[in-house]
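Undergrad: Before I ask anything, here is the structure I am working with.
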Amino acid sequence: MPREHAHTVSSYEQELTRLRAMMTAMGGIVERQTALAVQAIADGDVAAAHEAKVLDPQVDVLERDVEALAIRLLALRAPLAGDLREIVAALKITGDLERIGDYAASVAKRSLKVEAPSSEIPLAGLRSMGRLVQENLHRTIEALSTKDVARAVEVWQSDTVVDELYTAMFRELVTYMMEDPRTIRSCTHLLFIAKNLERIGDHATNIAERVYYAATGEMLPAERPRGGAAPKG
């Protein structure tokens with residue numbers, strides 16, 4: 001292999017490795033944000049809420065860096081087959097990760113506005129939903145960093161349970177508001193928090209689908225498993 005060609009191939013591999021490292025770093029930050037946001041609402045942890053918000057700009061910077069490198073690779077390297085799928089998937093996955101970060105920051109902000117004590121509004125369902133979303137996101141980031149197709153399918157199938165928990169939370173909180181108008185303000189914030197957690201689950205599933213496609217060249221079924229009829233909004 002000519003030295004110049006070998007150098008080009010080496011440089012290309014280094015850029016791909018750098019792209020993967022940035023994606024993993026971005027995934028790690030949003031996973032941390034989500035864990036902090038869940039801790040903030042489940043335990044009333046003000047420090048966790050503030051830390052989750054502070055991490056958000058780091059996600060935005062990484063999103064721009066990943067996009068710039070991915071576009072450079074597409075424009076200058078003319079990748080083929082698996083490399084092309086991986087780079088195109090990276091462009092889409094960064095958007096999902098950035099949205100997860102935004103939703104986690106929103107959960108953290110709203111956790112500071114919930115005024116009613118937990119004894120008046122049970123948070124067991126919200127804690128369960130938060131734990132499951134965290135677990136799914138963790139599995140998604142693992143699948144992304146290791147190209148684990150089986151793990152990606154596992155996340156895709158788990159979204160049903162997240163939907164079911166959201167539906168149950170929605171009904172429970174609406175019931176509390178109807179029975180005691182004093183809880184309306186806090187329950188409204190909790191409804192938004194539950195919806196944001198459900199959306200984090202959706203974006204984790206999006207990432208799992210893109211990981212599956214990048215690794216196999218095939219698409220998962222367009223119709224995802226759904227749990228119940230989750231209220232819109």
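Ligands are numbered from 1 in the order shown, chains are lettered A, B, ... in the order of the structure tokens, and residues start at 1 in each chain.
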Taking only C-alpha atoms into account, produce a table as CSV in which each residue of stretch 7-102 of chain A with an atom at most 12 Å from an atom of stretch 208-218 of chain A appears once, together with its shortest atom pair and the distance in Å to one decimal, ordered by chain and rising number.
TA:
```
residue,atom,partner,partner_atom,distance
A:Met23,CA,A:Val211,CA,11.9
A:Leu80,CA,A:Ala214,CA,11.8
A:Ala81,CA,A:Gly217,CA,8.4
A:Gly82,CA,A:Ala214,CA,6.5
A:Asp83,CA,A:Ala214,CA,8.2
A:Leu84,CA,A:Ala214,CA,8.4
A:Arg85,CA,A:Ala214,CA,4.9
A:Glu86,CA,A:Ala214,CA,5.0
A:Ile87,CA,A:Ala214,CA,8.5
A:Val88,CA,A:Ala214,CA,8.4
A:Ala89,CA,A:Arg210,CA,5.8
A:Ala90,CA,A:Arg210,CA,8.5
A:Leu91,CA,A:Arg210,CA,10.3
A:Lys92,CA,A:Arg210,CA,8.0
A:Ile93,CA,A:Arg210,CA,7.2
A:Thr94,CA,A:Arg210,CA,11.0
A:Gly95,CA,A:Arg210,CA,11.8
A:Asp96,CA,A:Arg210,CA,10.3
A:Leu97,CA,A:Ala208,CA,11.6
```
Undergrad: Output C-alpha atoms for every residue in the selection just made, as an mmCIF file, in the first residue's frame.
TA:
```cif
data_model
loop_
_atom_site.group_PDB
_atom_site.id
_atom_site.type_symbol
_atom_site.label_atom_id
_atom_site.label_comp_id
_atom_site.auth_asym_id
_atom_site.auth_seq_id
_atom_site.Cartn_x
_atom_site.Cartn_y
_atom_site.Cartn_z
ATOM 1 C CA MET A 23 -21.138 10.164 20.495
ATOM 2 C CA LEU A 80 -19.578 3.387 1.779
ATOM 3 C CA ALA A 81 -21.809 0.653 3.200
ATOM 4 C CA GLY A 82 -21.547 0.290 6.996
ATOM 5 C CA ASP A 83 -19.443 3.418 7.455
ATOM 6 C CA LEU A 84 -21.964 5.493 5.524
ATOM 7 C CA ARG A 85 -24.859 4.149 7.590
ATOM 8 C CA GLU A 86 -22.970 4.817 10.812
ATOM 9 C CA ILE A 87 -22.162 8.428 9.907
ATOM 10 C CA VAL A 88 -25.687 9.208 8.709
ATOM 11 C CA ALA A 89 -27.085 7.583 11.861
ATOM 12 C CA ALA A 90 -24.731 9.731 13.960
ATOM 13 C CA LEU A 91 -26.259 12.886 12.485
ATOM 14 C CA LYS A 92 -29.730 11.727 13.517
ATOM 15 C CA ILE A 93 -28.727 10.268 16.881
ATOM 16 C CA THR A 94 -27.163 13.556 18.000
ATOM 17 C CA GLY A 95 -30.552 15.201 17.490
ATOM 18 C CA ASP A 96 -32.203 12.561 19.694
ATOM 19 C CA LEU A 97 -29.525 12.939 22.376
#
```
Undergrad: Please list as a PyMOL selection string every residue within 7 Å of stretch 174-186 of chain A, counting only C-alpha atoms and excluding residues in the same chain fewer than 3 positions away.
TA: chain A and resi 114-116+170-171+189-190
Undergrad: Considering only C-alpha atoms, state which residue in the set A:Glu15, A:Gln39, A:Met26, A:His50 is at the smallest distance from A:Leu74.
TA: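 Nearest to A:Leu74: A:Glu15.
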Undergrad: If I take atom CA of A:Thr160 and atom CA of A:Asp43, how far is one from the other in Å, to one decimal?
TA: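 Between atom CA of A:Thr160 and atom CA of A:Asp43 the gap works out to 25.8 Å.
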Undergrad: When distances are computed from only C-alpha atoms, which of A:Ala75, A:Leu132, A:Ala35, A:Leu19 shows the smallest separation from A:Ala49?
TA: A:Ala35
Undergrad: Within 9 Å of A:Tyr166, counting only C-alpha atoms, which residues show up once you throw out same-chain ones fewer than 3 positions away? Write them as a ChimeraX atom specification, please.
TA: /A:125-126,129,161-163,169-171,194-195,197-198,230-231
Undergrad: Using all heavy atoms, can you export the residues from the last selection as a CSV table (one decimal), in the first residue's frame?
TA:
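Below is the file selection-v5.csv, written as the result:
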```csv
chain,number,residue,atom,x,y,z
A,125,GLY,N,-45.5,6.0,41.2
A,125,GLY,CA,-45.6,5.8,39.8
A,125,GLY,C,-44.6,6.5,39.0
A,125,GLY,O,-44.0,6.0,38.1
A,126,LEU,N,-44.4,7.8,39.4
A,126,LEU,CA,-43.4,8.6,38.7
A,126,LEU,C,-42.0,8.1,38.9
A,126,LEU,O,-41.2,8.1,38.0
A,126,LEU,CB,-43.5,10.1,39.2
A,126,LEU,CG,-42.9,11.2,38.3
A,126,LEU,CD1,-43.6,11.2,36.9
A,126,LEU,CD2,-43.1,12.5,39.0
A,129,MET,N,-41.6,5.1,36.7
A,129,MET,CA,-41.4,5.5,35.3
A,129,MET,C,-40.0,6.1,35.1
A,129,MET,O,-39.3,5.8,34.1
A,129,MET,CB,-42.4,6.6,35.0
A,129,MET,CG,-42.5,6.9,33.5
A,129,MET,SD,-43.8,8.2,33.2
A,129,MET,CE,-43.6,8.4,31.5
A,161,VAL,N,-43.9,-0.5,28.1
A,161,VAL,CA,-44.1,-0.4,29.5
A,161,VAL,C,-44.0,1.1,29.9
A,161,VAL,O,-44.8,1.5,30.8
A,161,VAL,CB,-43.0,-1.2,30.3
A,161,VAL,CG1,-43.3,-1.2,31.8
A,161,VAL,CG2,-43.0,-2.7,29.8
A,162,VAL,N,-43.1,1.8,29.3
A,162,VAL,CA,-43.0,3.3,29.5
A,162,VAL,C,-44.4,4.0,29.2
A,162,VAL,O,-44.9,4.8,30.0
A,162,VAL,CB,-41.9,3.9,28.7
A,162,VAL,CG1,-41.9,5.5,29.0
A,162,VAL,CG2,-40.5,3.4,29.1
A,163,ASP,N,-44.9,3.6,28.1
A,163,ASP,CA,-46.2,4.2,27.7
A,163,ASP,C,-47.3,3.8,28.7
A,163,ASP,O,-48.2,4.7,29.0
A,163,ASP,CB,-46.6,3.6,26.3
A,163,ASP,CG,-45.8,4.2,25.2
A,163,ASP,OD1,-45.1,5.3,25.4
A,163,ASP,OD2,-45.7,3.6,24.1
A,169,MET,N,-50.0,7.3,35.1
A,169,MET,CA,-49.6,8.5,35.8
A,169,MET,C,-50.6,9.6,35.4
A,169,MET,O,-51.1,10.4,36.3
A,169,MET,CB,-48.2,9.0,35.5
A,169,MET,CG,-47.1,8.3,36.3
A,169,MET,SD,-47.3,8.6,38.1
A,169,MET,CE,-47.3,10.4,38.1
A,170,PHE,N,-50.9,9.7,34.1
A,170,PHE,CA,-51.8,10.8,33.6
A,170,PHE,C,-53.2,10.7,34.3
A,170,PHE,O,-53.7,11.7,34.9
A,170,PHE,CB,-52.0,10.6,32.1
A,170,PHE,CG,-52.8,11.7,31.5
A,170,PHE,CD1,-52.3,12.8,31.0
A,170,PHE,CD2,-54.2,11.5,31.4
A,170,PHE,CE1,-53.1,13.8,30.4
A,170,PHE,CE2,-55.0,12.5,30.8
A,170,PHE,CZ,-54.4,13.6,30.3
A,171,ARG,N,-53.7,9.5,34.4
A,171,ARG,CA,-55.0,9.2,35.0
A,171,ARG,C,-55.0,9.5,36.5
A,171,ARG,O,-55.9,10.1,37.0
A,171,ARG,CB,-55.5,7.8,34.7
A,171,ARG,CG,-55.8,7.6,33.3
A,171,ARG,CD,-56.1,6.1,33.0
A,171,ARG,NE,-56.5,6.0,31.6
A,171,ARG,CZ,-56.4,4.8,30.9
A,171,ARG,NH1,-56.1,3.7,31.6
A,171,ARG,NH2,-56.8,4.7,29.7
A,194,ALA,N,-44.0,13.9,33.7
A,194,ALA,CA,-44.3,12.5,33.2
A,194,ALA,C,-44.2,12.5,31.7
A,194,ALA,O,-43.7,11.5,31.1
A,194,ALA,CB,-45.7,12.1,33.7
A,195,LYS,N,-44.7,13.5,31.1
A,195,LYS,CA,-44.7,13.6,29.6
A,195,LYS,C,-43.3,13.7,29.1
A,195,LYS,O,-42.9,13.0,28.1
A,195,LYS,CB,-45.5,14.7,29.1
A,195,LYS,CG,-45.6,14.8,27.5
A,195,LYS,CD,-46.2,13.5,27.0
A,195,LYS,CE,-46.3,13.5,25.5
A,195,LYS,NZ,-46.8,12.3,24.9
A,197,LEU,N,-40.6,12.6,30.6
A,197,LEU,CA,-40.0,11.3,30.8
A,197,LEU,C,-40.4,10.3,29.7
A,197,LEU,O,-39.6,9.6,29.1
A,197,LEU,CB,-40.3,10.7,32.2
A,197,LEU,CG,-39.7,11.4,33.4
A,197,LEU,CD1,-40.3,10.8,34.7
A,197,LEU,CD2,-38.2,11.2,33.4
A,198,GLU,N,-41.7,10.4,29.3
A,198,GLU,CA,-42.2,9.5,28.2
A,198,GLU,C,-41.5,9.9,26.9
A,198,GLU,O,-41.1,9.0,26.1
A,198,GLU,CB,-43.7,9.7,28.1
A,198,GLU,CG,-44.3,8.7,27.2
A,198,GLU,CD,-44.6,9.3,25.8
A,198,GLU,OE1,-44.5,10.5,25.6
A,198,GLU,OE2,-44.9,8.5,24.9
A,230,ALA,N,-51.7,6.0,25.3
A,230,ALA,CA,-51.2,7.1,26.1
A,230,ALA,C,-51.8,8.4,25.7
A,230,ALA,O,-51.9,8.7,24.5
A,230,ALA,CB,-49.6,7.2,25.9
A,231,PRO,N,-52.2,9.2,26.6
A,231,PRO,CA,-52.9,10.5,26.3
A,231,PRO,C,-51.9,11.4,25.5
A,231,PRO,O,-50.7,11.3,25.7
A,231,PRO,CB,-53.2,11.1,27.6
A,231,PRO,CG,-53.2,10.0,28.6
A,231,PRO,CD,-52.3,9.0,28.1
```
Undergrad: Just checking: using only C-alpha atoms, which residue out of A:Gly44, A:Gly27, A:Pro221, A:Pro122 ends up closest to A:Ile100?
TA: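 That would be A:Gly27, the residue with the smallest distance to A:Ile100.
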Undergrad: Quick one, how far is atom CA of A:Glu142 from atom CA of A:Arg99?
TA: 18.4 Å
Undergrad: When you count only C-alpha atoms, which of these residues is closest to A:Arg72: A:Leu173, A:Leu16, A:Ile207, A:Ala40?
TA: A:Leu16
